[in-house]
Every structure is written in C-alpha cells, then in structure tokens.
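> Mind looking over this structure? Questions follow.
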Amino acid sequence: MPAIMLAITAAFLVAYLMLGTPDASGNETENNNTGDEVTIILQRDAGKITELSYTLRGSERLTFAYNSASAKWIYVPAPAYPLLTEHLDYMAAAISYIGVYRTLDTGDTGIYGFENPAVTIEVSYADGARYAFAIGNQNSMTGYHYFKDLNTGAVYTIDPALLPYFQVSLEDMFAYDTLNADVEEEYITSLTWNMDGETETLENLTEDDRRTIYAAYQSLKPAACADWSGTDDALASYGIGDNTVTVGYRRAVTSADESGNEVTTRVAAKYTIRFGTPTDDGKIPYVLPNSRVIYLADYSLLEPVVSLIS
C-alpha cells in the first residue's frame with residue numbers, strides 16, 4: 001500500500017502542475033492563487049487513515065475502515081463483504097494530498113453545485129483529525145471542478161482528476177474468487193464425484209474427455225454471486241454440503257538442479273468444488289476451495305461433463 005500511495009501521490013501532483021489553465025468564471029471572486037499556481041491544502045500520511053466514507057450523487061453513503069497493522073480495509077456495515085481494496089488505496093492516497101488552483105468566495109452554491117455535489121468525502125486519521133470535502137460542478141470553460149472544505153466553508157477550484165477516484169460503487173469493489181490457473185487441459189488425469197455419500201472416479205481419460213472437463217471447469221469462473229455472507233444458513237439454503245466434484249491433474253513444479261538450471265516436473269494435485277441444488281431458472285450454486293462465497297453458473301454449460309459421470 002505505501003508504494004501505491006507514493007506513486008499515486010506523485011502522479012496526482014504532476015497532473016496538478018501540468019494542467020494549469022486559469023479558471024475564468026463570472027461567478028467567482030478570486031482571493032488568491034491566480035493563474036496556474038497550485039496550493040497544497042492537505043498533505044497527510046494515507047497510511048494513517050482509520051476511516052474513509054463517501055457518497056456519490058444519488059447513491060448511499062459507503063463507509064470503510066482501515067487497519068494499519070494488518071493493512072486491510074473492511075466495509076463497515078458488512079465486514080464479511082469480499083472487498084477488492086485497490087480502489088480504496090487509490091482513494092486514500094488521492095484525498096490525503098490535495099492541491100487547489102484558486103480560492104473563491106462561496107458565492108451561489110447553485111452555481112458551484114454543493115447543494116447536490118457529485119461526491120462528498122469524509123476521512124479520519126489515527127491522530128483524531130477529521131476532514132470533509134465536496135466536489136461540485138465542473139466549470140465548462142476550464143474543466144476544473146469546484147471543491148469545498150465542508151469544515152471551513154472554503155471553496156476552491158481543483159483538477160478534475162480527483163473525482164474519478166471516487167466514482168466507484170460497492171459492486172465495483174467486489175473481490176471475486178479465481179479459478180486455479182494450475183489446472184491445464186492436457187494434464188487433467190481424472191474426475192471424481194461424491195454425490196449423496198457415493199463416490200466414483202473417471203480415469204483413463206480420452207482427449208475429448210479432458211476437453212469436456214476443462215470446458216466445464218472454465219465455465220465456473222466466478223461472475224455471478226448468489227451470497228457472500230459465508231454463513232452456514234446461506235450454504236444450507238442453496239443445498240451446499242458434502243456433494244463435490246474433484247478434478248485430478250498434474251501440477252507444474254519448477255526447481256533448480258545441481259547446476260542451477262530450472263527443471264519443471266509434474267506432481268499429482270486435486271481441485272475440489274462443492275455444488276448445491278440446481279435452481280428453477282437453470283443455475284447451479286457452487287463454492288470454490290478456501291472460500292465460502294456462493295456463486296451461480298449456468299447448469300447447461302456443465303451438462304456435457306455430467307454426461308461423463310452419469
């Protein structure tokens with residue numbers, strides 16, 4: 001996270017310095033910072049943030065907490081939510097280093113857009129400091145946005161690069177699980193299914209068998225989440241228990257020989273997926289290894305492999 005923040009901070013400052021067109025608007029009264037001069041109004045260590053929240057126009061407020069010891073973010077209303085934190089790292093870096101172009105009289109908020117801002121942002125730091133900002137309308141002549149410090153009431157113009165960092169929904173931050181990339185079609189060796197306590201294994205696979213199994217495996221790449229809570233009740237509601245399908249394969253392992261040359265060998269490995277009860281709309285719920293998130297796949301895409309084991 002520190003490396004990302006440093007890079008984003010540097011890029012953010014460069015953007016400020018490069019985009020230096022004066023903001024000419026008849027609805028602004030200039031107090032200072034004429035021309036393309038940038039004034040830094042906030043410079044904090046993003047790694048010291050404890051909470052970050054923002055509200056996009058027309059959306060609900062999203063609040064996230066950051067634990068610096070574990071370097072992890074959580075979605076405060078639902079800590080179990082699988083969170084892709086890259087967006088939050090960028091937001092934290094951007095809001096912790098703010099440069100403005102001009103300081104304005106507050107003027108008509110209808111013109112500046114703070115009655116219904118594009119986004120409002122609140123951020124807290126470990127030392128207890130709290131900041132609140134709003135990004136308003138965009139000036140049609142300069143492209144700059146109006147930016148308000150909600151604690152002091154001061155209004156500025158700011159580079160438009162800040163707003164996109166926060167134009168992210170909670171769904172955009174969902175961290176989907178991934179399939180194991182070690183499973184390669186030509187090295188699939190078996191297919192084992194355990195249904196209702198009975199286990200059978202298909203071995204001595206043909207090339208067509210491996211192709212069918214691999215295609216079904218790829219169709220399980222997570223794309224539709226049914227339930228991310230991870231609770232036993234959720235698993236039970238989708239019929240997910242001990243029914244599994246296991247793909248046996250030979251995994252590539254790279255090592256060095258006595259001369260330091262890389263040597264690749266193949267070792268036996270397994271990948272087990274738990275399945276639930278097919279739904280009335282043609283979906284089948286499943287859970288990947290080391291996860292409790294329930295995903296849905298089109299059952300029709302699995303029918304060819306089902307024919308191998310039926």
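Chains: A, B, ... in order of the structure tokens. Residues: from 1 per chain. Ligands: from 1, in order shown.
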Could you name the residues that touch Cys225 of chain A at 9 Å or less, counting only C-alpha atoms, but leaving out those on the same chain fewer than 2 positions away, as a PDB file with C-alpha atoms, in the first residue's frame?

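Below you can see around36.pdb, which holds the result:
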ATOM      1  CA  TYR A 176     -14.369 -12.369  -6.945  1.00  0.00           C
ATOM      2  CA  PRO A 222     -16.928 -16.676 -10.854  1.00  0.00           C
ATOM      3  CA  ALA A 223     -19.074 -13.992 -12.418  1.00  0.00           C
ATOM      4  CA  ASP A 227     -24.465 -14.918  -1.445  1.00  0.00           C
ATOM      5  CA  TRP A 228     -21.209 -13.616   0.023  1.00  0.00           C
ATOM      6  CA  VAL A 293     -18.865 -17.284  -1.253  1.00  0.00           C
ATOM      7  CA  ILE A 294     -21.704 -18.879  -3.208  1.00  0.00           C
ATOM      8  CA  TYR A 295     -21.615 -18.365  -6.959  1.00  0.00           C
ATOM      9  CA  LEU A 296     -24.051 -19.353  -9.697  1.00  0.00           C
TER      10      LEU A 296
END
> Which residue out of A:Ile40, A:Ile213, A:Val263, A:Ile240 has the minimum interatomic distance to Ser307 of chain A when only C-alpha atoms are used?
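Selected residue with least distance to Ser307 of chain A: A:Ile213.
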> Given the choices A:Asn67, A:Thr142, A:Ser59, A:Thr201, which gets closest to Val119 of chain A if the distance is worked out from only C-alpha atoms?
A:Ser59
> Name the closest residue to Arg44 of chain A among the candidates A:Arg266, A:Arg251, A:Arg130, A:Lys283; distances are taken between atoms, counting only C-alpha atoms.
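With only C-alpha atoms as the atom set, the closest residue is A:Arg130.
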